[in-house]
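Shown here: input.pdb, PDB, C-alpha atoms and all ligand atoms.
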ATOM      1  CA  MET A   1       0.000   0.000   0.000  1.00  0.00           C
ATOM      2  CA  GLU A   2       1.339   3.401  -0.967  1.00  0.00           C
ATOM      3  CA  LEU A   3       1.249   6.386   1.386  1.00  0.00           C
ATOM      4  CA  TYR A   4       0.000   9.832   0.422  1.00  0.00           C
ATOM      5  CA  LEU A   5      -0.111  12.886   2.662  1.00  0.00           C
ATOM      6  CA  ASP A   6      -3.526  14.518   3.127  1.00  0.00           C
ATOM      7  CA  THR A   7      -2.599  18.190   3.391  1.00  0.00           C
ATOM      8  CA  ALA A   8      -1.997  21.417   1.470  1.00  0.00           C
ATOM      9  CA  LYS A   9       0.730  22.638   3.848  1.00  0.00           C
ATOM     10  CA  ILE A  10       4.075  22.815   2.056  1.00  0.00           C
ATOM     11  CA  GLU A  11       6.206  22.518   5.204  1.00  0.00           C
ATOM     12  CA  GLU A  12       4.412  19.280   6.192  1.00  0.00           C
ATOM     13  CA  ILE A  13       4.921  17.862   2.689  1.00  0.00           C
ATOM     14  CA  ARG A  14       8.639  18.752   2.651  1.00  0.00           C
ATOM     15  CA  GLU A  15       9.162  17.130   6.070  1.00  0.00           C
ATOM     16  CA  ILE A  16       7.436  13.839   5.232  1.00  0.00           C
ATOM     17  CA  ALA A  17       8.821  13.697   1.668  1.00  0.00           C
ATOM     18  CA  ALA A  18      12.303  13.766   3.237  1.00  0.00           C
ATOM     19  CA  TRP A  19      11.511  10.414   4.900  1.00  0.00           C
ATOM     20  CA  GLY A  20      11.394   8.864   1.407  1.00  0.00           C
ATOM     21  CA  VAL A  21       7.995   7.254   1.971  1.00  0.00           C
ATOM     22  CA  LEU A  22       5.678   9.597   0.094  1.00  0.00           C
ATOM     23  CA  SER A  23       4.043   8.528  -3.185  1.00  0.00           C
ATOM     24  CA  GLY A  24       1.546  11.389  -3.550  1.00  0.00           C
ATOM     25  CA  VAL A  25      -0.592  14.077  -1.899  1.00  0.00           C
ATOM     26  CA  THR A  26      -4.321  14.705  -1.640  1.00  0.00           C
ATOM     27  CA  THR A  27      -5.887  18.073  -0.971  1.00  0.00           C
ATOM     28  CA  ASN A  28      -9.476  19.237  -0.638  1.00  0.00           C
ATOM     29  CA  PRO A  29     -11.055  22.706  -0.441  1.00  0.00           C
ATOM     30  CA  SER A  30     -11.002  22.664   3.399  1.00  0.00           C
ATOM     31  CA  LEU A  31      -7.280  21.774   3.478  1.00  0.00           C
ATOM     32  CA  VAL A  32      -6.360  24.447   0.895  1.00  0.00           C
ATOM     33  CA  ALA A  33      -8.369  27.011   2.892  1.00  0.00           C
ATOM     34  CA  GLN A  34      -6.611  25.939   6.125  1.00  0.00           C
ATOM     35  CA  ALA A  35      -3.235  26.386   4.421  1.00  0.00           C
ATOM     36  CA  GLY A  36      -4.354  29.869   3.339  1.00  0.00           C
ATOM     37  CA  ARG A  37      -3.100  29.260  -0.191  1.00  0.00           C
ATOM     38  CA  ASP A  38      -4.302  29.769  -3.746  1.00  0.00           C
ATOM     39  CA  LEU A  39      -5.291  26.332  -5.123  1.00  0.00           C
ATOM     40  CA  LYS A  40      -3.392  26.522  -8.405  1.00  0.00           C
ATOM     41  CA  GLU A  41      -0.210  27.935  -6.879  1.00  0.00           C
ATOM     42  CA  VAL A  42      -0.106  25.356  -4.108  1.00  0.00           C
ATOM     43  CA  VAL A  43      -0.822  22.437  -6.464  1.00  0.00           C
ATOM     44  CA  VAL A  44       2.130  23.391  -8.705  1.00  0.00           C
ATOM     45  CA  GLU A  45       4.400  23.691  -5.669  1.00  0.00           C
ATOM     46  CA  ILE A  46       3.274  20.327  -4.234  1.00  0.00           C
ATOM     47  CA  ALA A  47       3.748  18.578  -7.595  1.00  0.00           C
ATOM     48  CA  GLU A  48       7.328  19.859  -7.821  1.00  0.00           C
ATOM     49  CA  ILE A  49       8.152  18.494  -4.367  1.00  0.00           C
ATOM     50  CA  VAL A  50       6.363  15.155  -4.558  1.00  0.00           C
ATOM     51  CA  ARG A  51       6.735  14.262  -8.249  1.00  0.00           C
ATOM     52  CA  GLY A  52       3.773  11.913  -7.864  1.00  0.00           C
ATOM     53  CA  PRO A  53      -0.039  12.182  -8.051  1.00  0.00           C
ATOM     54  CA  VAL A  54      -1.509  15.334  -6.462  1.00  0.00           C
ATOM     55  CA  SER A  55      -5.287  15.408  -6.085  1.00  0.00           C
ATOM     56  CA  ALA A  56      -6.896  18.840  -6.565  1.00  0.00           C
ATOM     57  CA  GLU A  57     -10.634  19.149  -6.054  1.00  0.00           C
ATOM     58  CA  VAL A  58     -13.115  21.017  -8.244  1.00  0.00           C
ATOM     59  CA  ILE A  59     -15.493  23.519  -6.652  1.00  0.00           C
ATOM     60  CA  ALA A  60     -18.231  23.447  -9.325  1.00  0.00           C
ATOM     61  CA  THR A  61     -21.132  21.065  -8.763  1.00  0.00           C
ATOM     62  CA  ASP A  62     -22.490  20.944 -12.344  1.00  0.00           C
ATOM     63  CA  THR A  63     -20.939  18.673 -14.970  1.00  0.00           C
ATOM     64  CA  GLU A  64     -19.836  21.423 -17.368  1.00  0.00           C
ATOM     65  CA  GLY A  65     -18.272  23.421 -14.545  1.00  0.00           C
ATOM     66  CA  MET A  66     -16.433  20.371 -13.177  1.00  0.00           C
ATOM     67  CA  VAL A  67     -15.095  19.444 -16.617  1.00  0.00           C
ATOM     68  CA  ALA A  68     -13.896  23.007 -17.271  1.00  0.00           C
ATOM     69  CA  GLU A  69     -12.208  23.265 -13.842  1.00  0.00           C
ATOM     70  CA  GLY A  70     -10.744  19.787 -14.248  1.00  0.00           C
ATOM     71  CA  ARG A  71      -9.178  20.639 -17.614  1.00  0.00           C
ATOM     72  CA  ASP A  72      -7.824  23.867 -16.192  1.00  0.00           C
ATOM     73  CA  LEU A  73      -6.233  22.154 -13.172  1.00  0.00           C
ATOM     74  CA  ALA A  74      -4.861  19.299 -15.288  1.00  0.00           C
ATOM     75  CA  ARG A  75      -2.912  21.820 -17.383  1.00  0.00           C
ATOM     76  CA  LEU A  76      -0.918  22.859 -14.290  1.00  0.00           C
ATOM     77  CA  SER A  77       1.181  19.691 -14.111  1.00  0.00           C
ATOM     78  CA  GLY A  78       1.290  16.144 -15.436  1.00  0.00           C
ATOM     79  CA  TYR A  79       0.993  14.980 -11.805  1.00  0.00           C
ATOM     80  CA  VAL A  80      -2.427  16.556 -11.180  1.00  0.00           C
ATOM     81  CA  VAL A  81      -5.368  14.236 -10.469  1.00  0.00           C
ATOM     82  CA  ILE A  82      -8.813  15.834 -10.549  1.00  0.00           C
ATOM     83  CA  LYS A  83     -10.896  15.202  -7.469  1.00  0.00           C
ATOM     84  CA  ILE A  84     -14.589  14.997  -8.302  1.00  0.00           C
ATOM     85  CA  PRO A  85     -17.404  14.491  -5.766  1.00  0.00           C
ATOM     86  CA  MET A  86     -19.559  11.374  -5.993  1.00  0.00           C
ATOM     87  CA  THR A  87     -22.775  12.738  -7.561  1.00  0.00           C
ATOM     88  CA  PRO A  88     -24.572  12.014 -10.875  1.00  0.00           C
ATOM     89  CA  GLU A  89     -23.022  15.225 -12.280  1.00  0.00           C
ATOM     90  CA  GLY A  90     -19.661  14.117 -10.907  1.00  0.00           C
ATOM     91  CA  LEU A  91     -19.923  10.726 -12.605  1.00  0.00           C
ATOM     92  CA  ALA A  92     -20.690  12.409 -15.950  1.00  0.00           C
ATOM     93  CA  ALA A  93     -17.707  14.734 -15.484  1.00  0.00           C
ATOM     94  CA  THR A  94     -15.510  11.757 -14.531  1.00  0.00           C
ATOM     95  CA  ARG A  95     -16.425   9.972 -17.750  1.00  0.00           C
ATOM     96  CA  ARG A  96     -15.711  13.076 -19.843  1.00  0.00           C
ATOM     97  CA  LEU A  97     -12.338  13.780 -18.195  1.00  0.00           C
ATOM     98  CA  ALA A  98     -11.329  10.104 -18.239  1.00  0.00           C
ATOM     99  CA  ASP A  99     -12.088   9.925 -21.971  1.00  0.00           C
ATOM    100  CA  GLU A 100      -9.716  12.876 -22.430  1.00  0.00           C
ATOM    101  CA  GLY A 101      -7.010  10.974 -20.544  1.00  0.00           C
ATOM    102  CA  ILE A 102      -7.262  13.142 -17.408  1.00  0.00           C
ATOM    103  CA  PRO A 103      -7.005  11.045 -14.203  1.00  0.00           C
ATOM    104  CA  VAL A 104      -9.896  11.421 -11.741  1.00  0.00           C
ATOM    105  CA  ASN A 105     -10.151  10.646  -8.029  1.00  0.00           C
ATOM    106  CA  VAL A 106     -13.829  10.258  -7.117  1.00  0.00           C
ATOM    107  CA  THR A 107     -14.154  11.557  -3.580  1.00  0.00           C
ATOM    108  CA  LEU A 108     -16.754  11.435  -0.790  1.00  0.00           C
ATOM    109  CA  VAL A 109     -17.409   7.743  -1.385  1.00  0.00           C
ATOM    110  CA  PHE A 110     -19.434   6.134   1.410  1.00  0.00           C
ATOM    111  CA  SER A 111     -20.708   2.878  -0.135  1.00  0.00           C
ATOM    112  CA  ALA A 112     -19.477   0.038  -2.314  1.00  0.00           C
ATOM    113  CA  ALA A 113     -22.181   0.850  -4.869  1.00  0.00           C
ATOM    114  CA  GLN A 114     -20.780   4.374  -5.222  1.00  0.00           C
ATOM    115  CA  ALA A 115     -17.280   2.947  -5.681  1.00  0.00           C
ATOM    116  CA  LEU A 116     -18.511   0.600  -8.416  1.00  0.00           C
ATOM    117  CA  LEU A 117     -20.210   3.503 -10.222  1.00  0.00           C
ATOM    118  CA  ALA A 118     -17.042   5.601 -10.007  1.00  0.00           C
ATOM    119  CA  ALA A 119     -14.958   2.752 -11.432  1.00  0.00           C
ATOM    120  CA  ARG A 120     -17.442   2.256 -14.276  1.00  0.00           C
ATOM    121  CA  ALA A 121     -17.297   5.997 -15.043  1.00  0.00           C
ATOM    122  CA  GLY A 122     -13.555   5.628 -15.617  1.00  0.00           C
ATOM    123  CA  ALA A 123     -12.161   6.923 -12.308  1.00  0.00           C
ATOM    124  CA  ARG A 124      -8.451   6.194 -11.790  1.00  0.00           C
ATOM    125  CA  TYR A 125      -8.986   6.388  -7.999  1.00  0.00           C
ATOM    126  CA  VAL A 126     -11.887   6.140  -5.532  1.00  0.00           C
ATOM    127  CA  SER A 127     -11.687   7.594  -2.036  1.00  0.00           C
ATOM    128  CA  PRO A 128     -13.813   5.905   0.646  1.00  0.00           C
ATOM    129  CA  PHE A 129     -13.854   8.125   3.775  1.00  0.00           C
ATOM    130  CA  LEU A 130     -13.081   5.760   6.665  1.00  0.00           C
ATOM    131  CA  GLY A 131     -13.176   8.188   9.585  1.00  0.00           C
ATOM    132  CA  ARG A 132     -16.404   9.889   8.577  1.00  0.00           C
ATOM    133  CA  ILE A 133     -18.091   6.479   8.188  1.00  0.00           C
ATOM    134  CA  ASP A 134     -16.866   5.395  11.637  1.00  0.00           C
ATOM    135  CA  ASP A 135     -18.141   8.715  13.045  1.00  0.00           C
ATOM    136  CA  VAL A 136     -21.720   7.761  12.160  1.00  0.00           C
ATOM    137  CA  GLY A 137     -21.393   4.240  13.551  1.00  0.00           C
ATOM    138  CA  GLY A 138     -20.398   2.530  10.282  1.00  0.00           C
ATOM    139  CA  ASP A 139     -17.411   0.341   9.428  1.00  0.00           C
ATOM    140  CA  GLY A 140     -14.936   2.321   7.313  1.00  0.00           C
ATOM    141  CA  VAL A 141     -12.370  -0.469   7.040  1.00  0.00           C
ATOM    142  CA  GLY A 142     -15.159  -2.936   6.190  1.00  0.00           C
ATOM    143  CA  LEU A 143     -16.118  -0.691   3.273  1.00  0.00           C
ATOM    144  CA  VAL A 144     -12.539  -0.724   1.946  1.00  0.00           C
ATOM    145  CA  ARG A 145     -12.559  -4.532   2.167  1.00  0.00           C
ATOM    146  CA  GLU A 146     -15.873  -4.731   0.265  1.00  0.00           C
ATOM    147  CA  ILE A 147     -14.679  -2.390  -2.509  1.00  0.00           C
ATOM    148  CA  ALA A 148     -11.383  -4.280  -2.831  1.00  0.00           C
ATOM    149  CA  GLU A 149     -13.301  -7.558  -3.165  1.00  0.00           C
ATOM    150  CA  ILE A 150     -15.578  -6.172  -5.886  1.00  0.00           C
ATOM    151  CA  PHE A 151     -12.691  -4.645  -7.848  1.00  0.00           C
ATOM    152  CA  GLU A 152     -10.776  -7.933  -7.612  1.00  0.00           C
ATOM    153  CA  ILE A 153     -13.710 -10.124  -8.725  1.00  0.00           C
ATOM    154  CA  HIS A 154     -14.545  -7.857 -11.658  1.00  0.00           C
ATOM    155  CA  ASP A 155     -10.973  -7.048 -12.607  1.00  0.00           C
ATOM    156  CA  LEU A 156     -11.429  -3.270 -12.220  1.00  0.00           C
ATOM    157  CA  ASP A 157      -8.149  -1.386 -12.149  1.00  0.00           C
ATOM    158  CA  THR A 158      -9.462   1.690 -10.279  1.00  0.00           C
ATOM    159  CA  ARG A 159      -7.189   2.212  -7.259  1.00  0.00           C
ATOM    160  CA  ILE A 160      -8.609   2.495  -3.743  1.00  0.00           C
ATOM    161  CA  ILE A 161      -7.435   5.430  -1.626  1.00  0.00           C
ATOM    162  CA  ALA A 162      -8.341   4.975   2.052  1.00  0.00           C
ATOM    163  CA  ALA A 163      -9.201   8.565   3.037  1.00  0.00           C
ATOM    164  CA  SER A 164     -10.391  10.352   6.175  1.00  0.00           C
ATOM    165  CA  VAL A 165      -7.780   8.424   8.144  1.00  0.00           C
ATOM    166  CA  ARG A 166      -7.875   9.303  11.858  1.00  0.00           C
ATOM    167  CA  HIS A 167      -5.259   7.114  13.579  1.00  0.00           C
ATOM    168  CA  PRO A 168      -2.414   4.642  12.915  1.00  0.00           C
ATOM    169  CA  ARG A 169      -4.692   1.617  13.266  1.00  0.00           C
ATOM    170  CA  HIS A 170      -6.743   2.869  10.292  1.00  0.00           C
ATOM    171  CA  VAL A 171      -3.587   2.723   8.151  1.00  0.00           C
ATOM    172  CA  VAL A 172      -2.734  -0.843   9.170  1.00  0.00           C
ATOM    173  CA  GLU A 173      -6.325  -2.069   8.789  1.00  0.00           C
ATOM    174  CA  ALA A 174      -6.707  -0.335   5.389  1.00  0.00           C
ATOM    175  CA  ALA A 175      -3.533  -2.079   4.177  1.00  0.00           C
ATOM    176  CA  LYS A 176      -4.889  -5.462   5.327  1.00  0.00           C
ATOM    177  CA  ALA A 177      -8.295  -4.743   3.762  1.00  0.00           C
ATOM    178  CA  GLY A 178      -6.764  -4.211   0.316  1.00  0.00           C
ATOM    179  CA  ALA A 179      -6.470  -0.421  -0.088  1.00  0.00           C
ATOM    180  CA  ASP A 180      -3.905   0.498  -2.738  1.00  0.00           C
ATOM    181  CA  ILE A 181      -3.131   3.798  -1.041  1.00  0.00           C
ATOM    182  CA  ALA A 182      -3.823   5.459   2.327  1.00  0.00           C
ATOM    183  CA  THR A 183      -3.892   9.238   2.396  1.00  0.00           C
ATOM    184  CA  VAL A 184      -2.716  10.146   5.864  1.00  0.00           C
ATOM    185  CA  PRO A 185      -2.892  13.475   7.754  1.00  0.00           C
ATOM    186  CA  TYR A 186       0.439  14.895   8.973  1.00  0.00           C
ATOM    187  CA  LYS A 187      -0.394  14.210  12.633  1.00  0.00           C
ATOM    188  CA  VAL A 188      -1.139  10.532  11.958  1.00  0.00           C
ATOM    189  CA  MET A 189       2.006  10.192   9.811  1.00  0.00           C
ATOM    190  CA  LYS A 190       4.036  11.392  12.826  1.00  0.00           C
ATOM    191  CA  GLN A 191       2.196   8.916  15.069  1.00  0.00           C
ATOM    192  CA  LEU A 192       3.003   6.082  12.624  1.00  0.00           C
ATOM    193  CA  VAL A 193       6.751   6.522  12.991  1.00  0.00           C
ATOM    194  CA  LYS A 194       6.723   6.636  16.794  1.00  0.00           C
ATOM    195  CA  HIS A 195       7.022   3.756  19.233  1.00  0.00           C
ATOM    196  CA  PRO A 196       8.083   4.223  22.885  1.00  0.00           C
ATOM    197  CA  LEU A 197      10.142   1.009  22.772  1.00  0.00           C
ATOM    198  CA  THR A 198      12.145   2.390  19.832  1.00  0.00           C
ATOM    199  CA  ASP A 199      13.015   5.485  21.899  1.00  0.00           C
ATOM    200  CA  ILE A 200      13.849   3.393  24.983  1.00  0.00           C
ATOM    201  CA  GLY A 201      15.931   1.050  22.803  1.00  0.00           C
ATOM    202  CA  ILE A 202      17.984   3.903  21.327  1.00  0.00           C
ATOM    203  CA  ALA A 203      18.579   5.437  24.765  1.00  0.00           C
ATOM    204  CA  ARG A 204      19.722   2.085  26.169  1.00  0.00           C
ATOM    205  CA  PHE A 205      22.084   1.352  23.250  1.00  0.00           C
ATOM    206  CA  LEU A 206      23.666   4.790  23.619  1.00  0.00           C
ATOM    207  CA  GLU A 207      24.093   4.392  27.410  1.00  0.00           C
ATOM    208  CA  ASP A 208      25.717   0.956  26.998  1.00  0.00           C
ATOM    209  CA  TRP A 209      28.017   2.289  24.283  1.00  0.00           C
ATOM    210  CA  LYS A 210      29.046   5.228  26.454  1.00  0.00           C
ATOM    211  CA  ARG A 211      29.695   2.989  29.473  1.00  0.00           C
ATOM    212  CA  ALA A 212      31.762   0.539  27.409  1.00  0.00           C
ATOM    213  CA  THR A 213      33.903   3.304  25.870  1.00  0.00           C
ATOM    214  CA  GLU A 214      34.444   4.909  29.309  1.00  0.00           C
ATOM    215  CA  LEU A 215      35.591   1.519  30.740  1.00  0.00           C
ATOM    216  CA  LYS A 216      38.173   1.166  27.946  1.00  0.00           C
ATOM    217  CA  ARG A 217      39.774   4.478  28.837  1.00  0.00           C
TER     218      ARG A 217
HETATM  219  C1  LIG B 301      -9.537  12.775   1.130  1.00  0.00           C
HETATM  220  O1  LIG B 301      -8.874  12.843   0.106  1.00  0.00           O
HETATM  221  C2  LIG B 301      -9.884  13.899   1.999  1.00  0.00           C
HETATM  222  O2  LIG B 301      -9.012  14.982   1.737  1.00  0.00           O
HETATM  223  C3  LIG B 301      -9.708  13.626   3.470  1.00  0.00           C
HETATM  224  O3  LIG B 301      -9.128  12.376   3.710  1.00  0.00           O
HETATM  225  C4  LIG B 301     -10.903  13.939   4.302  1.00  0.00           C
HETATM  226  O4  LIG B 301     -10.635  13.633   5.637  1.00  0.00           O
HETATM  227  P1  LIG B 301     -11.458  14.233   6.887  1.00  0.00           P
HETATM  228  O5  LIG B 301     -12.662  13.393   7.074  1.00  0.00           O
HETATM  229  O6  LIG B 301     -10.498  14.114   8.022  1.00  0.00           O
HETATM  230  O7  LIG B 301     -11.789  15.656   6.524  1.00  0.00           O
END

Would you write out, as structure tokens, the structure that this file holds?
Amino acid sequence: MELYLDTAKIEEIREIAAWGVLSGVTTNPSLVAQAGRDLKEVVVEIAEIVRGPVSAEVIATDTEGMVAEGRDLARLSGYVVIKIPMTPEGLAATRRLADEGIPVNVTLVFSAAQALLAARAGARYVSPFLGRIDDVGGDGVGLVREIAEIFEIHDLDTRIIAASVRHPRHVVEAAKAGADIATVPYKVMKQLVKHPLTDIGIARFLEDWKRATELKR
């Protein structure tokens, strides 16, 4: 399973990209607003750093508007993926953009039926929102598993992005459930790398090394 960062903050992207683990980035209008950046400017900057897929979401809700915005965003960089919401208008826009060779990430997916529709409309990616499903008493990881099963049985090559990830366990469970990618917030990425026993282990190794070198003197 690949790891994307779910953010529009350049400093977060630079920090995690330096770990060598980042395959892409997803943004959404809320994240771009939080970063206080212009969408187009920030997308170009992210693409230069990551050199992998960068999802940029359309604001229009009608098919023509989504297609026009999608074409416009796709011209910014060869790495741009157009994020389209899961609606009838969004499906029509997905089909149009996909037929033009523009990759689409269908977002706000909350059921396996929606994921199947997105795949049939030509989406390169679908984004089931794990955390938001769990928030309303559903089973986000279970949904990823169901979508993965359907895509496998029917040989659909649309990639599953586990989105709305809230904690490290979501990442592990999404990987086991068959997600191709998890898009992870900065805070959760930092939690993933941490383990208290790693810190204790390093401290102990350093103490032992120091003691041994002092004894030799
Ligand atoms: C997905 O691509 C979205 O940007 C994101 O994962 C939404 O997560 P949230 O539910 O934490 O807003």

So that all listed atoms of ligand LIG 301 (chain B) fit with 4 Å spare on each side, what axis-aligned box centre and edge lengths in Å, to one decimal, would you give as AutoDock Vina command-line options?
--center_x -10.8 --center_y 14.0 --center_z 4.1 --size_x 11.8 --size_y 11.3 --size_z 15.9

- [ ] List the residues matched by the PyMOL selection byres (((chain A and resi 165-175) around 9) and not hetatm) in the displayed structure as number ranges by chain, ordered by chain and then by residue number.
- [x] A: 1-2, 6, 129-132, 140-142, 144-145, 162-164, 176-185, 187-189, 191-192

I'd like the residues picked by the PyMOL selection byres (((chain A and resi 62-72) around 7) and not hetatm) written out as a PDB file with C-alpha atoms, in the coordinates of the input, using the chain letters and numbers from the file.
ATOM      1  CA  VAL A  58     -13.115  21.017  -8.244  1.00  0.00           C
ATOM      2  CA  ALA A  60     -18.231  23.447  -9.325  1.00  0.00           C
ATOM      3  CA  THR A  61     -21.132  21.065  -8.763  1.00  0.00           C
ATOM      4  CA  LEU A  73      -6.233  22.154 -13.172  1.00  0.00           C
ATOM      5  CA  ALA A  74      -4.861  19.299 -15.288  1.00  0.00           C
ATOM      6  CA  ARG A  75      -2.912  21.820 -17.383  1.00  0.00           C
ATOM      7  CA  ILE A  82      -8.813  15.834 -10.549  1.00  0.00           C
ATOM      8  CA  GLU A  89     -23.022  15.225 -12.280  1.00  0.00           C
ATOM      9  CA  GLY A  90     -19.661  14.117 -10.907  1.00  0.00           C
ATOM     10  CA  ALA A  92     -20.690  12.409 -15.950  1.00  0.00           C
ATOM     11  CA  ALA A  93     -17.707  14.734 -15.484  1.00  0.00           C
ATOM     12  CA  LEU A  97     -12.338  13.780 -18.195  1.00  0.00           C
TER      13      LEU A  97
END

- [ ] Given the file shown, determine the residues that the PyMOL selection byres (((chain A and resi 152-155) around 12) and not hetatm) selects; report them as a ChimeraX atom specification.
- [x] /A:116,119-120,145-151,156-160,178-180

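Here atom CA of Pro128 of chain A is placed at a distance of 19.5 Å from atom CA of Ala98 of chain A.
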
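Put simply, atom CA of Glu57 of chain A is 21.6 Å away from atom CA of Ala17 of chain A.
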
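Take atom C4 of ligand LIG 301 (chain B) and atom CA of Asp139 of chain A: the distance between them is 15.9 Å.
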
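Minimum atom-to-atom distance to Ala18 of chain A, evaluated using all atoms listed in the file, belongs to A:Ile49 out of A:Ile49, A:Val136, A:Leu91, A:Leu108.
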
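You can rank A:Ser23, A:Thr94, A:Thr7, A:Ser111 by their closest distance to Val50 of chain A using all atoms listed in the file, and at the top of that list sits A:Ser23.
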
Task: Pick from A:Ile59, A:Ile161, A:Val44, A:Leu215, whichever lies nearest to Asn105 of chain A using all atoms listed in the file - done: A:Ile161

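Taking only C-alpha atoms and all ligand atoms into account, ligand LIG 301 (chain B) lies nearest to A:Ile133 out of the set A:Ile202, A:Ile133, A:Met86, A:Val193.
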
Task: Polymer residues at most 6 Å from Val81 of chain A, only C-alpha atoms, same-chain spacing of 6 or more positions, as JSON, numbers by chain - done: {"A": [54, 55, 103, 104]}

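Counting all atoms listed in the file, the residue from A:Gln34, A:Ser127, A:Thr87, A:Gln114 that sits nearest to ligand LIG 301 (chain B) is A:Ser127.
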
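Compared by their closest atoms to ligand LIG 301 (chain B), and using only C-alpha atoms and all ligand atoms, the residues A:Gly52, A:Gly201, A:Gly78, A:Pro85 rank with A:Pro85 nearest.
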
- [ ] Could you give me, as a list in words, the residues that have an atom at most 12 Å away from the point (-2.1, 29.1, 6.4) in the coordinates of the file, using all atoms listed in the file?
- [x] Thr7, Ala8, Lys9, Ile10, Glu11, Glu12, Ser30, Leu31, Val32, Ala33, Gln34, Ala35, Gly36, Arg37, Asp38 and Val42 of chain A

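The residue set within 7 Å of Leu22 of chain A, counting all atoms listed in the file and dropping same-chain residues fewer than 3 places from it, reads Leu3, Tyr4, Ile16 and Ala17 of chain A.
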
Output segment 18-23 of chain A with all heavy atoms present, as a compact mmCIF listing (two decimals), in the frame of the given file.
# COMPACT_ATOMS: atom_id res chain seq x y z
N ALA A 18 10.89 14.04 2.90
CA ALA A 18 12.30 13.77 3.24
C ALA A 18 12.48 12.36 3.84
O ALA A 18 13.59 11.82 3.82
CB ALA A 18 12.84 14.83 4.18
N TRP A 19 11.41 11.79 4.37
CA TRP A 19 11.51 10.41 4.90
C TRP A 19 11.66 9.39 3.77
O TRP A 19 12.01 8.23 4.02
CB TRP A 19 10.26 10.03 5.69
CG TRP A 19 9.99 10.80 6.94
CD1 TRP A 19 10.73 11.82 7.47
CD2 TRP A 19 8.88 10.60 7.83
NE1 TRP A 19 10.15 12.28 8.61
CE2 TRP A 19 9.02 11.56 8.87
CE3 TRP A 19 7.79 9.73 7.84
CZ2 TRP A 19 8.09 11.64 9.91
CZ3 TRP A 19 6.88 9.82 8.88
CH2 TRP A 19 7.03 10.76 9.90
N GLY A 20 11.29 9.78 2.55
CA GLY A 20 11.39 8.86 1.41
C GLY A 20 10.24 7.89 1.29
O GLY A 20 10.37 6.86 0.62
N VAL A 21 9.12 8.21 1.95
CA VAL A 21 8.00 7.25 1.97
C VAL A 21 6.78 7.75 1.18
O VAL A 21 5.78 7.03 1.07
CB VAL A 21 7.51 6.98 3.43
CG1 VAL A 21 8.63 6.37 4.26
CG2 VAL A 21 6.97 8.24 4.09
N LEU A 22 6.87 8.95 0.64
CA LEU A 22 5.68 9.60 0.09
C LEU A 22 5.50 9.32 -1.40
O LEU A 22 6.39 9.60 -2.20
CB LEU A 22 5.81 11.12 0.33
CG LEU A 22 4.54 11.89 0.56
CD1 LEU A 22 3.75 11.30 1.71
CD2 LEU A 22 4.89 13.35 0.85
N SER A 23 4.32 8.79 -1.76
CA SER A 23 4.04 8.53 -3.18
C SER A 23 3.15 9.59 -3.81
O SER A 23 3.03 9.64 -5.04
CB SER A 23 3.38 7.16 -3.35
OG SER A 23 4.21 6.15 -2.85
